[in-house]
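Have a look at run02.pdb below; it lists PDB, C-alpha atoms, pLDDT in the B column.
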ATOM      1  CA  GLN A   1      17.985  14.513   8.131  1.00 77.00           C
ATOM      2  CA  VAL A   2      17.352  10.881   7.244  1.00 87.00           C
ATOM      3  CA  GLN A   3      15.328   9.150   4.571  1.00 92.00           C
ATOM      4  CA  LEU A   4      13.765   5.776   5.341  1.00 95.00           C
ATOM      5  CA  VAL A   5      12.710   3.222   2.735  1.00 96.00           C
ATOM      6  CA  GLU A   6      10.921   0.043   3.745  1.00 97.00           C
ATOM      7  CA  SER A   7      10.854  -3.191   1.779  1.00 97.00           C
ATOM      8  CA  GLY A   8       9.865  -6.803   2.206  1.00 97.00           C
ATOM      9  CA  GLY A   9       6.122  -6.510   2.562  1.00 97.00           C
ATOM     10  CA  GLY A  10       3.673  -8.584   0.587  1.00 97.00           C
ATOM     11  CA  LEU A  11       1.102 -11.333   0.766  1.00 97.00           C
ATOM     12  CA  VAL A  12       1.828 -14.287   3.036  1.00 97.00           C
ATOM     13  CA  GLN A  13      -0.090 -17.217   4.433  1.00 98.00           C
ATOM     14  CA  ALA A  14      -0.902 -17.458   8.111  1.00 98.00           C
ATOM     15  CA  GLY A  15       1.851 -19.260   9.982  1.00 97.00           C
ATOM     16  CA  GLU A  16       4.603 -18.186   7.619  1.00 98.00           C
ATOM     17  CA  SER A  17       7.508 -15.834   8.245  1.00 98.00           C
ATOM     18  CA  LEU A  18       8.408 -12.518   6.691  1.00 97.00           C
ATOM     19  CA  ARG A  19      11.290 -10.106   7.133  1.00 98.00           C
ATOM     20  CA  LEU A  20      10.887  -6.400   6.634  1.00 98.00           C
ATOM     21  CA  SER A  21      13.859  -4.147   5.984  1.00 98.00           C
ATOM     22  CA  CYS A  22      14.263  -0.420   6.325  1.00 97.00           C
ATOM     23  CA  ALA A  23      17.226   1.244   4.678  1.00 95.00           C
ATOM     24  CA  ALA A  24      18.252   4.700   5.834  1.00 92.00           C
ATOM     25  CA  SER A  25      20.305   7.333   4.126  1.00 88.00           C
ATOM     26  CA  GLY A  26      21.423  10.830   4.808  1.00 74.00           C
ATOM     27  CA  SER A  27      22.637  10.773   8.379  1.00 73.00           C
ATOM     28  CA  ILE A  28      24.618   9.007  11.094  1.00 79.00           C
ATOM     29  CA  PHE A  29      22.520   5.898  11.474  1.00 82.00           C
ATOM     30  CA  SER A  30      23.999   4.844  14.805  1.00 84.00           C
ATOM     31  CA  MET A  31      22.703   8.032  16.446  1.00 86.00           C
ATOM     32  CA  TYR A  32      19.083   6.985  15.987  1.00 91.00           C
ATOM     33  CA  VAL A  33      16.582   5.023  17.963  1.00 95.00           C
ATOM     34  CA  LEU A  34      14.809   2.886  15.390  1.00 96.00           C
ATOM     35  CA  GLY A  35      11.492   1.186  15.316  1.00 97.00           C
ATOM     36  CA  TRP A  36       8.547  -0.302  13.520  1.00 98.00           C
ATOM     37  CA  TYR A  37       4.932   0.748  13.824  1.00 98.00           C
ATOM     38  CA  ARG A  38       1.898  -0.582  12.035  1.00 98.00           C
ATOM     39  CA  GLN A  39      -1.536   0.628  11.076  1.00 98.00           C
ATOM     40  CA  ALA A  40      -4.324  -1.776  10.273  1.00 97.00           C
ATOM     41  CA  PRO A  41      -7.382  -0.687   8.286  1.00 92.00           C
ATOM     42  CA  GLY A  42      -9.672   1.443  10.433  1.00 94.00           C
ATOM     43  CA  LYS A  43      -7.251   1.460  13.377  1.00 97.00           C
ATOM     44  CA  GLN A  44      -4.707   3.821  14.833  1.00 97.00           C
ATOM     45  CA  ARG A  45      -1.016   3.428  14.239  1.00 97.00           C
ATOM     46  CA  GLU A  46       0.532   1.299  16.970  1.00 97.00           C
ATOM     47  CA  LEU A  47       3.989   0.405  18.180  1.00 97.00           C
ATOM     48  CA  VAL A  48       5.416  -2.892  17.023  1.00 98.00           C
ATOM     49  CA  ALA A  49       8.995  -2.710  18.291  1.00 98.00           C
ATOM     50  CA  VAL A  50      11.782  -0.274  19.076  1.00 98.00           C
ATOM     51  CA  ILE A  51      15.540  -0.762  19.271  1.00 97.00           C
ATOM     52  CA  THR A  52      17.919   1.660  20.959  1.00 95.00           C
ATOM     53  CA  ARG A  53      21.365   2.718  19.859  1.00 92.00           C
ATOM     54  CA  ARG A  54      22.881   0.043  22.101  1.00 93.00           C
ATOM     55  CA  GLY A  55      20.541  -2.688  20.941  1.00 94.00           C
ATOM     56  CA  GLY A  56      18.008  -2.622  23.730  1.00 96.00           C
ATOM     57  CA  THR A  57      14.578  -3.652  22.494  1.00 97.00           C
ATOM     58  CA  GLU A  58      10.963  -3.076  23.392  1.00 97.00           C
ATOM     59  CA  TYR A  59       7.963  -4.840  21.900  1.00 97.00           C
ATOM     60  CA  ALA A  60       4.224  -4.550  21.949  1.00 97.00           C
ATOM     61  CA  ASP A  61       3.074  -7.093  24.521  1.00 95.00           C
ATOM     62  CA  SER A  62       0.920  -8.949  22.024  1.00 92.00           C
ATOM     63  CA  LEU A  63       3.849  -9.467  19.660  1.00 93.00           C
ATOM     64  CA  LYS A  64       6.547 -10.645  22.052  1.00 89.00           C
ATOM     65  CA  GLY A  65       7.950 -13.977  20.981  1.00 92.00           C
ATOM     66  CA  ARG A  66       6.810 -13.716  17.372  1.00 97.00           C
ATOM     67  CA  PHE A  67       8.500 -10.556  16.110  1.00 98.00           C
ATOM     68  CA  THR A  68      12.167  -9.611  16.415  1.00 98.00           C
ATOM     69  CA  ILE A  69      13.698  -6.237  15.678  1.00 98.00           C
ATOM     70  CA  SER A  70      17.378  -5.873  14.875  1.00 97.00           C
ATOM     71  CA  ARG A  71      19.684  -3.287  13.418  1.00 96.00           C
ATOM     72  CA  GLU A  72      22.821  -3.397  11.335  1.00 94.00           C
ATOM     73  CA  ASP A  73      24.413   0.011  11.560  1.00 91.00           C
ATOM     74  CA  VAL A  74      27.165  -0.725   9.037  1.00 91.00           C
ATOM     75  CA  LYS A  75      24.425  -1.257   6.460  1.00 92.00           C
ATOM     76  CA  ASN A  76      22.191   1.546   7.758  1.00 92.00           C
ATOM     77  CA  THR A  77      19.383  -0.964   8.011  1.00 95.00           C
ATOM     78  CA  VAL A  78      16.834  -2.022  10.586  1.00 96.00           C
ATOM     79  CA  TYR A  79      14.915  -5.279  10.280  1.00 98.00           C
ATOM     80  CA  LEU A  80      11.703  -6.757  11.566  1.00 98.00           C
ATOM     81  CA  GLN A  81      11.564 -10.537  11.520  1.00 98.00           C
ATOM     82  CA  MET A  82       7.965 -11.699  11.695  1.00 98.00           C
ATOM     83  CA  THR A  83       7.197 -15.333  12.457  1.00 98.00           C
ATOM     84  CA  SER A  84       3.973 -17.311  12.777  1.00 97.00           C
ATOM     85  CA  VAL A  85       2.087 -14.438  11.227  1.00 98.00           C
ATOM     86  CA  LYS A  86      -1.642 -14.139  11.727  1.00 97.00           C
ATOM     87  CA  PRO A  87      -4.388 -12.397   9.736  1.00 97.00           C
ATOM     88  CA  ASP A  88      -4.456  -9.782  12.527  1.00 96.00           C
ATOM     89  CA  ASP A  89      -0.918  -8.808  11.510  1.00 97.00           C
ATOM     90  CA  THR A  90      -2.291  -7.403   8.278  1.00 98.00           C
ATOM     91  CA  ALA A  91      -1.329  -3.734   8.220  1.00 98.00           C
ATOM     92  CA  VAL A  92       0.906  -1.139   6.697  1.00 98.00           C
ATOM     93  CA  TYR A  93       4.230  -1.309   8.510  1.00 98.00           C
ATOM     94  CA  TYR A  94       6.158   1.907   8.984  1.00 98.00           C
ATOM     95  CA  CYS A  95       9.814   2.371   9.765  1.00 97.00           C
ATOM     96  CA  TYR A  96      10.589   4.990  12.425  1.00 95.00           C
ATOM     97  CA  ALA A  97      13.743   6.805  13.448  1.00 95.00           C
ATOM     98  CA  ARG A  98      14.395   9.294  16.231  1.00 94.00           C
ATOM     99  CA  PHE A  99      17.606  11.277  16.287  1.00 91.00           C
ATOM    100  CA  THR A 100      18.796  11.074  19.876  1.00 88.00           C
ATOM    101  CA  LEU A 101      20.416  14.514  20.002  1.00 88.00           C
ATOM    102  CA  THR A 102      17.405  16.516  18.857  1.00 89.00           C
ATOM    103  CA  GLU A 103      14.519  14.047  19.373  1.00 90.00           C
ATOM    104  CA  ARG A 104      13.402  14.748  15.810  1.00 92.00           C
ATOM    105  CA  GLU A 105      11.369  11.905  14.352  1.00 94.00           C
ATOM    106  CA  TYR A 106      11.280  10.483  10.851  1.00 95.00           C
ATOM    107  CA  TRP A 107       8.947   8.035   9.132  1.00 97.00           C
ATOM    108  CA  GLY A 108       9.130   5.862   6.079  1.00 97.00           C
ATOM    109  CA  GLN A 109       6.344   5.595   3.526  1.00 97.00           C
ATOM    110  CA  GLY A 110       5.243   2.183   4.751  1.00 97.00           C
ATOM    111  CA  THR A 111       5.121  -1.313   3.332  1.00 98.00           C
ATOM    112  CA  GLN A 112       1.929  -3.346   3.132  1.00 98.00           C
ATOM    113  CA  VAL A 113       1.726  -6.753   4.754  1.00 98.00           C
ATOM    114  CA  ILE A 114      -1.306  -8.920   4.070  1.00 98.00           C
ATOM    115  CA  VAL A 115      -1.727 -12.222   5.883  1.00 98.00           C
ATOM    116  CA  SER A 116      -4.249 -14.624   4.418  1.00 97.00           C
ATOM    117  CA  SER A 117      -5.907 -17.339   6.456  1.00 93.00           C
TER     118      SER A 117
END

Write the structure described by the file as structure tokens, please.
Amino acid sequence: QVQLVESGGGLVQAGESLRLSCAASGSIFSMYVLGWYRQAPGKQRELVAVITRRGGTEYADSLKGRFTISREDVKNTVYLQMTSVKPDDTAVYYCYARFTLTEREYWGQGTQVIVSS
């Protein structure tokens, strides 16, 4: 069992940077694949980025080069560094964790990001 709490969302101007954090508690953090998803108004939830236990990463094609996912297992935290943000990045961003032994998935409550033009 793991609890995920996102932070760092807010209102930013287009072109600026923002870092989201997701703190986890309640389990062995290093045993999880971690990720970020987002859901824009009126759209389905979509993958932003995923990071494996060994640090391998995968990104949505449209976000490569602007977003960077990282993890710091000693702090039980996963990050999403967002650069050169665009109004299209406006969405609720959700932290995701999958326990590798059971494939059970967990979600955070989400943090809102609004990018103004």

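Comparing A:Ser116, A:Thr57, A:Ser17, A:Gln109 by their smallest distance to Ser84 (chain A), the closest is A:Ser17 (using all atoms listed in the file).
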
Proximity to Leu18 (chain A) - best of A:Leu4, A:Ala97, A:Met82, A:Val48, all atoms listed in the file:
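For Leu18 (chain A), the nearest of the given residues is A:Met82.
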
With a distance cut-off of 9 Å and all atoms listed in the file, select the neighbouring residues of Phe67 (chain A), excluding the residue or stretch itself and same-chain residues fewer than 2 positions from it, and output the selection as a PDB file with C-alpha atoms, in the frame of the given file.
ATOM      1  CA  VAL A  48       5.416  -2.892  17.023  1.00 98.00           C
ATOM      2  CA  ALA A  49       8.995  -2.710  18.291  1.00 98.00           C
ATOM      3  CA  TYR A  59       7.963  -4.840  21.900  1.00 97.00           C
ATOM      4  CA  LEU A  63       3.849  -9.467  19.660  1.00 93.00           C
ATOM      5  CA  LYS A  64       6.547 -10.645  22.052  1.00 89.00           C
ATOM      6  CA  GLY A  65       7.950 -13.977  20.981  1.00 92.00           C
ATOM      7  CA  ILE A  69      13.698  -6.237  15.678  1.00 98.00           C
ATOM      8  CA  LEU A  80      11.703  -6.757  11.566  1.00 98.00           C
ATOM      9  CA  GLN A  81      11.564 -10.537  11.520  1.00 98.00           C
ATOM     10  CA  MET A  82       7.965 -11.699  11.695  1.00 98.00           C
ATOM     11  CA  THR A  83       7.197 -15.333  12.457  1.00 98.00           C
ATOM     12  CA  SER A  84       3.973 -17.311  12.777  1.00 97.00           C
ATOM     13  CA  VAL A  85       2.087 -14.438  11.227  1.00 98.00           C
TER      14      VAL A  85
END

Once the PyMOL selection byres ((chain A and resi 94) around 9) has been applied to the shown file, what residues remain in the selection, as a list in words?
Glu6, Cys22, Gly35, Trp36, Tyr37, Arg38, Gln39, Val92, Tyr93, Cys95, Tyr96, Trp107, Gly108, Gln109, Gly110, Thr111 and Gln112 of chain A

Nearest to Glu72 (chain A) by atom-to-atom distance, counting only C-alpha atoms, from A:Leu47, A:Ala60, A:Ala24, A:Ala91:
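Among the listed residues, the smallest separation from Glu72 (chain A) belongs to A:Ala24.
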
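With CA of Glu103 (chain A) on one side and CA of Arg54 (chain A) on the other, the separation reads 16.5 Å.
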
Using only C-alpha atoms, the shortest atom-to-atom distance to Arg98 (chain A) among A:Gln1, A:Thr68, A:Asn76, A:Ser117 belongs to A:Gln1

Separation of CA of Gly9 (chain A) from CA of Val33 (chain A) in Å
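The value is 21.9 Å.
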
Go through A:Thr102, A:Glu46, A:Val12, A:Ser27 and flag the residue nearest Asp61 (chain A), using only C-alpha atoms for the distances.
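So, comparing all the options, the nearest one is A:Glu46.
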
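The space separating CA of Asp73 (chain A) from CA of Arg104 (chain A) comes to 18.9 Å.
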
To test your reading of the syntax: which residues would the PyMOL selection byres ((chain A and resi 114) around 6) return for the file shown? Reply as an MDAnalysis selection string.
chainID A and resid 11 90 113 115

Kindly resolve the PyMOL selection byres ((chain A and resi 20) around 6) on the present coordinates and return the residues as a PyMOL selection string.
chain A and resi 7-8+19+21+79-80

Save out the residues we just selected, C-alpha atoms, as a PDB file, in the frame of the given file.
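Resulting contents of selection-v7.pdb:
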ATOM      1  CA  SER A   7      10.854  -3.191   1.779  1.00 97.00           C
ATOM      2  CA  GLY A   8       9.865  -6.803   2.206  1.00 97.00           C
ATOM      3  CA  ARG A  19      11.290 -10.106   7.133  1.00 98.00           C
ATOM      4  CA  SER A  21      13.859  -4.147   5.984  1.00 98.00           C
ATOM      5  CA  TYR A  79      14.915  -5.279  10.280  1.00 98.00           C
ATOM      6  CA  LEU A  80      11.703  -6.757  11.566  1.00 98.00           C
TER       7      LEU A  80
END

Shortest interatomic distance to Gln3 (chain A) - which of A:Arg53, A:Ser62, A:Glu105, A:Gly42, counting all atoms listed in the file
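Closest to Gln3 (chain A), using all atoms listed in the file: A:Glu105.
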